[in-house]
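Each remark here refers to the structure printed beneath this line.
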Amino acid sequence: MSHMKRIALSAIVVFGSTFSAQAQTGPYFEQTYLRASHNWAFHDNYPEANRLFNAFDYGHAILYETLWRQPTASVAELDGKQFGFITNQLLVHPPGVMLDESAIGPEWAKLAPEVLAMFEWAHMLHRQIYDVWADDRIPATEKDARVAEVVSYYKSRPALAFSSKPKDMELMEGQPYSLAFRKKFPKYNGLIWSYHWLQMTLYDALMAGRTRQERQANVSKVVGLFRGMTRAPSTLPAMMPMTPAIAPLFTDRYPEAAIIFDNLHSLHDVVSDILANQVIPRSAKRQTILAAAAHYRDDHTSVTSVSDWRDMANEMGAEKMGGRPSFGTIPADPSKAPNRRQ
Amino acid sequence: MINARSVVAFGALVVLSSRPATAQREYRNLEAGRPVRVSDATPTERYALDLDLSTLRLERLSLGRYRLQYEPRIAYGILPRTEVSLRIPSFYRERSISPRGGIAGVGIGTEYQLAMEKLARPALAISGEAFIPTGPNALRTSYSVKGLLTKSFVPGRLHLNASYGTFAVRQAATGVLAPPVIDGPCDFVVPETGMSMKAFCGVPNFSQSAAAAAGPPIVTKWRWLAGAGIDKSFALSSVLIAADVVAEKYQGIGRPTDWSGEAGIRKQFTQLLVLDLAAGRRFTGISPAWFATAGSTVTLPFNR
């Protein structure tokens, strides 16, 4: 057998042997967003808020990368160095384009690519719903149909889609690893919760506005409130923001999407806890993360009723979650528009 | 034959008229020649249409000759982890060559990701292409299959590519075969024999002449390519730098192995656009040369 033929045969064997492994990772592949006329409307019409979301990608990725690569990371590393960089530099001058999380956290991306894919797929849904509400060409009467369309597209990939059944708190806070992250890194945890607060209150900001001017003012208001939180860490959310409490308009109109996003944000916290908690051995972290992710995808584990989910959120209180912004109609005189820093 | 200028103009028109859309994380998705020849083991994402319509390559050959190559390429994520692609390389060469410019052929390819990357396993993909030559000097269709591997490390990524395939050549009367590559020199000396000869770009138009039927026979030979590349991403600025070394051998024609090295940069300029630049040197082989490439990628969702 010639040298080249031996090389070719070896290559076939190597590549062929990966097919069995592929059976387990088959559903996890990259897929683009739904093509629609509203694509990038939020990017075009609300650039400041959009750029903040680009920065959020860094915050999540560097958190997981740090916790995975430095199991004994000090408080100074995350609550000091990274928190300072993010709040003083990155959020002040956020990137103009979406970031690649696997470039920020390459080891995290290899640890649980399935879960990273779930996060990215849900973040895509976030952006597409913003687009629907940011696109002034879509009449209010058509918004719901467009949102239903992007939610349907999101749910077309069950291997990635979060459940649209609300989960009880036991799943997030009653596990052996629970609460480890927030106890050790309270400032960074508050920062992550402030991200989730902005992501959800932005929906109400868009939906409360009857005109483009009102929507712009509302978005500016929540962005201003968010920036205020990051400048004064003591005002960061002390509890995980839950959509029914902080974004009631969105919850009432799109309860399914609101539940999906609450489940997304819960899993973000759960992954942080698993990585931060030394009770979970390093060799078991991947499987523990995958198991938790599966529970947030299925429709039967720790499911609670929609009314209980709403009640729980409201009983916990919006004030501790960053607050529920109020949106009024703006006056004709722009100088009397709501104070951005309120 | 289509004029190279009209191909460039068409490409520019398509780029400028494309509806703006995202190129999400596209700057990290390396394709052969974008910016360097070694690519990563990640096909175009499902339902995404990658338009690489302005890829230019300028080569400075011996004796002050220059050559321009334009290679528009379209790739579509047709299935999970699977892309199909179409590329149409065209060329514009030194004045003494006839035809001086035109479309070299059409390449139809596919790439499939066998495994995504995990902690202990690199990403693996396999690709293949059929290249159908066009024009008066067209020979047989050539085929190739390529394996791709990508392994990520904290400082950057390592990519390994290896391909094996065919190429067609005409058997010259002297027994020496002309090289088939469109970026090869038209006039060269065969190292083993010292014999001066012309490649296919200068030979008579066999397909259109009466001599075609009785012309030198076409034979199929084998070729291989092996390349290793590294890249480093600067995540917050969405910039990637890459470098590679590639060895390429056309067997059975008395041609030595070509060794080349490149370095390039790729940047996500907007959500809509990725631009890349590269420069390199073919150190050995029949025609050492400097070259530079430039290109852009626009990515559109195409799922309904």
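We name chains A, B, ... following the order of the structure tokens; residues begin at 1 in each chain, and ligands are numbered from 1 as shown.
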Quiz item: Could you pull the residues within 6 Å of Arg73 in chain B, counting only C-alpha atoms, minus those fewer than 5 positions along the same chain, as a PyMOL selection string?
Solution: chain B and resi 52-53+86-87
Export of prior selection with N, CA and C atoms as a PDB file, in the first residue's frame:
```pdb
ATOM      1  N   ASP B  52     -19.338  35.628  -0.436  1.00  0.00           N
ATOM      2  CA  ASP B  52     -17.946  36.090  -0.513  1.00  0.00           C
ATOM      3  C   ASP B  52     -17.724  36.535  -1.958  1.00  0.00           C
ATOM      4  N   LEU B  53     -18.129  37.733  -2.235  1.00  0.00           N
ATOM      5  CA  LEU B  53     -18.202  38.124  -3.646  1.00  0.00           C
ATOM      6  C   LEU B  53     -17.097  39.060  -4.090  1.00  0.00           C
ATOM      7  N   LEU B  86     -20.471  27.214  -4.012  1.00  0.00           N
ATOM      8  CA  LEU B  86     -20.203  27.394  -5.438  1.00  0.00           C
ATOM      9  C   LEU B  86     -19.169  28.502  -5.564  1.00  0.00           C
ATOM     10  N   ARG B  87     -18.104  28.230  -6.275  1.00  0.00           N
ATOM     11  CA  ARG B  87     -17.103  29.283  -6.495  1.00  0.00           C
ATOM     12  C   ARG B  87     -16.753  29.330  -7.970  1.00  0.00           C
TER      13      ARG B  87
END
```
Quiz item: Using only C-alpha atoms, which residues sit within 12 Å of Gln82 in chain A once same-chain residues fewer than 2 positions away are excluded, as a list in words?
Solution: Tyr58, Gly59, His60, Ala61, Ile62, Leu63, Glu65, Thr66, Ala73, Ser74, Val75, Ala76, Glu77, Leu78, Asp79, Gly80, Gly84, Phe85, Ile86, Thr87, Asn88, Gln89, Leu90, Leu91, Phe185, Lys187, Tyr188, Asn189 and Leu191 of chain A
For Ile218 in chain B, list every protein, DNA or RNA residue within 9 Å, evaluated using only C-alpha atoms, and leave out those in the same chain fewer than 5 positions away; present the list as a compact mmCIF listing (two decimals) with N, CA and C atoms, in the first residue's frame.
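Okay, part.txt is ready:
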```txt
# COMPACT_ATOMS: atom_id res chain seq x y z
N LEU B 139 -9.85 21.21 -19.31
CA LEU B 139 -9.56 19.78 -19.31
C LEU B 139 -10.68 19.07 -18.56
N ARG B 140 -10.35 17.97 -17.93
CA ARG B 140 -11.37 17.21 -17.22
C ARG B 140 -11.71 17.84 -15.87
N ALA B 168 -6.23 17.04 -13.99
CA ALA B 168 -6.06 16.55 -15.36
C ALA B 168 -4.99 17.38 -16.07
N VAL B 169 -4.20 16.73 -16.88
CA VAL B 169 -3.16 17.43 -17.65
C VAL B 169 -3.09 16.82 -19.05
N ARG B 170 -2.48 17.55 -19.92
CA ARG B 170 -2.22 17.01 -21.26
C ARG B 170 -0.81 16.45 -21.31
N GLN B 171 -0.71 15.34 -21.95
CA GLN B 171 0.59 14.71 -22.13
C GLN B 171 1.27 15.39 -23.31
```
Quiz item: At what distance in Å, to one decimal, does CA of Glu83 in chain B lie from CA of Gly109 in chain B?
Solution: 8.3 Å
Quiz prompt | Residue hits in chain A, query chain B, radius 6 Å, only C-alpha atoms, as a PyMOL selection string | solution = chain A and resi 22+30-32+35+97+100+103-104+110-111
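Once Asp40 in chain B and its same-chain neighbours fewer than 4 positions away are set aside, Leu30, Thr150 and His159 of chain B remain within 6 Å of it when counting only C-alpha atoms.
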Requested write-out: N, CA and C atoms of the selected residues, as a CSV table (one decimal), in the first residue's frame:
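Result file part-v1.csv:
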```
chain,number,residue,atom,x,y,z
B,30,LEU,N,-13.5,30.7,9.4
B,30,LEU,CA,-12.4,30.8,8.3
B,30,LEU,C,-12.8,29.9,7.2
B,150,THR,N,-10.1,21.4,14.0
B,150,THR,CA,-9.9,22.7,14.7
B,150,THR,C,-9.8,22.3,16.2
B,159,HIS,N,-5.5,24.8,13.5
B,159,HIS,CA,-6.3,24.2,12.4
B,159,HIS,C,-5.4,23.3,11.6
```
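Residue-level DSSP output for range 26-266 of chain B, from the backbone, shows helix (DSSP H, G or I) at Glu26, Tyr27, Arg28, Ser62, Leu63, Gly64, Phe200, Cys201, Gly202, Phe206, Ser207, Gln208, Ala235, Leu236 and Ser237 of chain B.
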Selected residues written out with C-alpha atoms, as a compact mmCIF listing (two decimals), in the first residue's frame:
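Once everything was written out, this is again_0.txt:
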```txt
# COMPACT_ATOMS: atom_id res chain seq x y z
CA GLU B 26 -18.56 35.52 10.91
CA TYR B 27 -15.11 36.91 11.50
CA ARG B 28 -14.19 33.66 13.27
CA SER B 62 9.09 36.30 -11.58
CA LEU B 63 10.30 38.83 -14.15
CA GLY B 64 8.00 41.50 -12.77
CA PHE B 200 -1.96 25.20 -20.64
CA CYS B 201 -2.54 28.92 -20.47
CA GLY B 202 -0.37 29.34 -23.55
CA PHE B 206 -7.46 22.36 -28.51
CA SER B 207 -11.16 22.29 -27.96
CA GLN B 208 -11.77 24.63 -30.84
CA ALA B 235 -12.87 39.22 21.13
CA LEU B 236 -13.78 42.74 22.19
CA SER B 237 -12.71 44.23 18.89
```
Quiz prompt | Test item: residues at most 12 Å from Thr257 in chain B, only C-alpha atoms, excluding those fewer than 5 positions along its chain, as number ranges by chain | solution = B: 191, 223-226, 246-252, 282-288
Practice problem: Find the residues around range 126-143 of chain A up to 9 Å (only C-alpha atoms counted), leave out those fewer than 3 positions away in its own chain, and share them as number ranges by chain. | Solution: A: 33-34, 37-46, 50, 121-123, 146-148, 150-151, 199, 202-203, 206-207, 211-212, 215, 261
Please, could you write that set of residues out with N, CA and C atoms as a PDB file, in the first residue's frame?
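Final output, saved to selection-v5.pdb:
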```
ATOM      1  N   TYR A  33     -30.892  33.121  12.402  1.00  0.00           N
ATOM      2  CA  TYR A  33     -32.172  33.634  12.891  1.00  0.00           C
ATOM      3  C   TYR A  33     -33.209  33.618  11.759  1.00  0.00           C
ATOM      4  N   LEU A  34     -34.454  33.880  12.142  1.00  0.00           N
ATOM      5  CA  LEU A  34     -35.529  33.875  11.159  1.00  0.00           C
ATOM      6  C   LEU A  34     -35.463  35.135  10.293  1.00  0.00           C
ATOM      7  N   SER A  37     -38.755  41.051   7.764  1.00  0.00           N
ATOM      8  CA  SER A  37     -38.554  42.465   7.430  1.00  0.00           C
ATOM      9  C   SER A  37     -38.074  43.262   8.636  1.00  0.00           C
ATOM     10  N   HIS A  38     -38.340  42.744   9.827  1.00  0.00           N
ATOM     11  CA  HIS A  38     -37.941  43.484  11.026  1.00  0.00           C
ATOM     12  C   HIS A  38     -36.519  43.196  11.480  1.00  0.00           C
ATOM     13  N   ASN A  39     -35.813  42.325  10.769  1.00  0.00           N
ATOM     14  CA  ASN A  39     -34.439  42.018  11.180  1.00  0.00           C
ATOM     15  C   ASN A  39     -33.631  43.293  11.364  1.00  0.00           C
ATOM     16  N   TRP A  40     -32.998  43.413  12.509  1.00  0.00           N
ATOM     17  CA  TRP A  40     -32.050  44.490  12.831  1.00  0.00           C
ATOM     18  C   TRP A  40     -32.717  45.837  13.063  1.00  0.00           C
ATOM     19  N   ALA A  41     -34.050  45.837  13.230  1.00  0.00           N
ATOM     20  CA  ALA A  41     -34.734  47.113  13.515  1.00  0.00           C
ATOM     21  C   ALA A  41     -34.281  47.671  14.859  1.00  0.00           C
ATOM     22  N   PHE A  42     -34.120  46.804  15.842  1.00  0.00           N
ATOM     23  CA  PHE A  42     -33.675  47.273  17.155  1.00  0.00           C
ATOM     24  C   PHE A  42     -32.255  47.822  17.061  1.00  0.00           C
ATOM     25  N   HIS A  43     -31.415  47.131  16.357  1.00  0.00           N
ATOM     26  CA  HIS A  43     -30.034  47.594  16.139  1.00  0.00           C
ATOM     27  C   HIS A  43     -30.021  48.972  15.499  1.00  0.00           C
ATOM     28  N   ASP A  44     -30.888  49.176  14.543  1.00  0.00           N
ATOM     29  CA  ASP A  44     -30.896  50.441  13.804  1.00  0.00           C
ATOM     30  C   ASP A  44     -31.538  51.580  14.600  1.00  0.00           C
ATOM     31  N   ASN A  45     -32.595  51.274  15.342  1.00  0.00           N
ATOM     32  CA  ASN A  45     -33.378  52.337  15.979  1.00  0.00           C
ATOM     33  C   ASN A  45     -33.000  52.616  17.427  1.00  0.00           C
ATOM     34  N   TYR A  46     -32.373  51.664  18.070  1.00  0.00           N
ATOM     35  CA  TYR A  46     -32.006  51.851  19.484  1.00  0.00           C
ATOM     36  C   TYR A  46     -30.546  51.431  19.678  1.00  0.00           C
ATOM     37  N   ASN A  50     -28.803  48.512  22.131  1.00  0.00           N
ATOM     38  CA  ASN A  50     -28.304  47.371  21.383  1.00  0.00           C
ATOM     39  C   ASN A  50     -26.833  47.101  21.696  1.00  0.00           C
ATOM     40  N   TRP A 121     -29.279  30.567  21.432  1.00  0.00           N
ATOM     41  CA  TRP A 121     -30.564  30.445  20.732  1.00  0.00           C
ATOM     42  C   TRP A 121     -31.623  31.314  21.430  1.00  0.00           C
ATOM     43  N   ALA A 122     -31.592  31.335  22.759  1.00  0.00           N
ATOM     44  CA  ALA A 122     -32.545  32.167  23.507  1.00  0.00           C
ATOM     45  C   ALA A 122     -32.208  33.657  23.346  1.00  0.00           C
ATOM     46  N   HIS A 123     -30.930  33.978  23.302  1.00  0.00           N
ATOM     47  CA  HIS A 123     -30.550  35.384  23.081  1.00  0.00           C
ATOM     48  C   HIS A 123     -31.010  35.846  21.700  1.00  0.00           C
ATOM     49  N   ARG A 146     -46.309  38.571  14.612  1.00  0.00           N
ATOM     50  CA  ARG A 146     -44.863  38.488  14.335  1.00  0.00           C
ATOM     51  C   ARG A 146     -44.120  37.849  15.508  1.00  0.00           C
ATOM     52  N   VAL A 147     -44.519  38.235  16.713  1.00  0.00           N
ATOM     53  CA  VAL A 147     -43.870  37.637  17.884  1.00  0.00           C
ATOM     54  C   VAL A 147     -44.157  36.136  17.925  1.00  0.00           C
ATOM     55  N   ALA A 148     -45.389  35.771  17.624  1.00  0.00           N
ATOM     56  CA  ALA A 148     -45.732  34.340  17.606  1.00  0.00           C
ATOM     57  C   ALA A 148     -44.867  33.593  16.601  1.00  0.00           C
ATOM     58  N   VAL A 150     -41.738  34.352  15.607  1.00  0.00           N
ATOM     59  CA  VAL A 150     -40.354  34.148  16.063  1.00  0.00           C
ATOM     60  C   VAL A 150     -40.304  33.181  17.247  1.00  0.00           C
ATOM     61  N   VAL A 151     -41.340  33.190  18.074  1.00  0.00           N
ATOM     62  CA  VAL A 151     -41.376  32.210  19.175  1.00  0.00           C
ATOM     63  C   VAL A 151     -41.523  30.797  18.606  1.00  0.00           C
ATOM     64  N   GLN A 199     -32.892  43.539  30.132  1.00  0.00           N
ATOM     65  CA  GLN A 199     -33.431  42.766  29.006  1.00  0.00           C
ATOM     66  C   GLN A 199     -34.953  42.671  29.073  1.00  0.00           C
ATOM     67  N   LEU A 202     -36.913  46.327  29.069  1.00  0.00           N
ATOM     68  CA  LEU A 202     -36.885  46.940  27.744  1.00  0.00           C
ATOM     69  C   LEU A 202     -38.130  46.580  26.933  1.00  0.00           C
ATOM     70  N   TYR A 203     -38.626  45.383  27.144  1.00  0.00           N
ATOM     71  CA  TYR A 203     -39.851  45.007  26.429  1.00  0.00           C
ATOM     72  C   TYR A 203     -41.001  45.931  26.820  1.00  0.00           C
ATOM     73  N   LEU A 206     -40.669  49.343  25.271  1.00  0.00           N
ATOM     74  CA  LEU A 206     -41.098  49.400  23.870  1.00  0.00           C
ATOM     75  C   LEU A 206     -42.613  49.296  23.754  1.00  0.00           C
ATOM     76  N   MET A 207     -43.194  48.418  24.550  1.00  0.00           N
ATOM     77  CA  MET A 207     -44.628  48.174  24.415  1.00  0.00           C
ATOM     78  C   MET A 207     -45.465  49.312  24.989  1.00  0.00           C
ATOM     79  N   THR A 211     -45.956  55.943  20.415  1.00  0.00           N
ATOM     80  CA  THR A 211     -45.312  56.515  19.250  1.00  0.00           C
ATOM     81  C   THR A 211     -43.818  56.215  19.313  1.00  0.00           C
ATOM     82  N   ARG A 212     -43.169  56.483  18.223  1.00  0.00           N
ATOM     83  CA  ARG A 212     -41.721  56.244  18.215  1.00  0.00           C
ATOM     84  C   ARG A 212     -41.022  57.108  19.270  1.00  0.00           C
ATOM     85  N   ARG A 215     -41.486  55.550  22.603  1.00  0.00           N
ATOM     86  CA  ARG A 215     -40.645  54.358  22.759  1.00  0.00           C
ATOM     87  C   ARG A 215     -39.187  54.744  22.986  1.00  0.00           C
ATOM     88  N   PHE A 261     -37.921  33.244  29.052  1.00  0.00           N
ATOM     89  CA  PHE A 261     -36.795  34.086  29.464  1.00  0.00           C
ATOM     90  C   PHE A 261     -36.499  33.937  30.955  1.00  0.00           C
TER      91      PHE A 261
END
```
Quiz item: Got a sec: who's within 8 Å of Ala245 in chain A, counting only C-alpha atoms, leaving out chain neighbours fewer than 2 positions off, as a PyMOL selection string?
Solution: chain A and resi 241-243+247-248+310+313-314+317-318+324
Exercise. May I have all residues of range 25-178 of chain B that DSSP, computed from the backbone, assigns to strand (DSSP E), given as a PyMOL selection string?
Key: chain B and resi 48-52+56-60+66-70+73-79+82-87+90-92+101-103+105-115+123-133+142-152+157-170
Exercise. Measure the distance from CA of Ala130 in chain B to CA of Tyr66 in chain B in Å and round it to one decimal.
Key: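 For CA of Ala130 in chain B relative to CA of Tyr66 in chain B, the distance reads 27.8 Å.
The coordinates place CA of Leu158 in chain B at 7.4 Å from CA of Ala228 in chain B.
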Exercise. Kindly indicate which residue among A:Gly105, A:Ile274, A:Ala36, A:Phe56 lies nearest to Pro176 in chain A, using only C-alpha atoms for the distances.
Key: A:Ile274
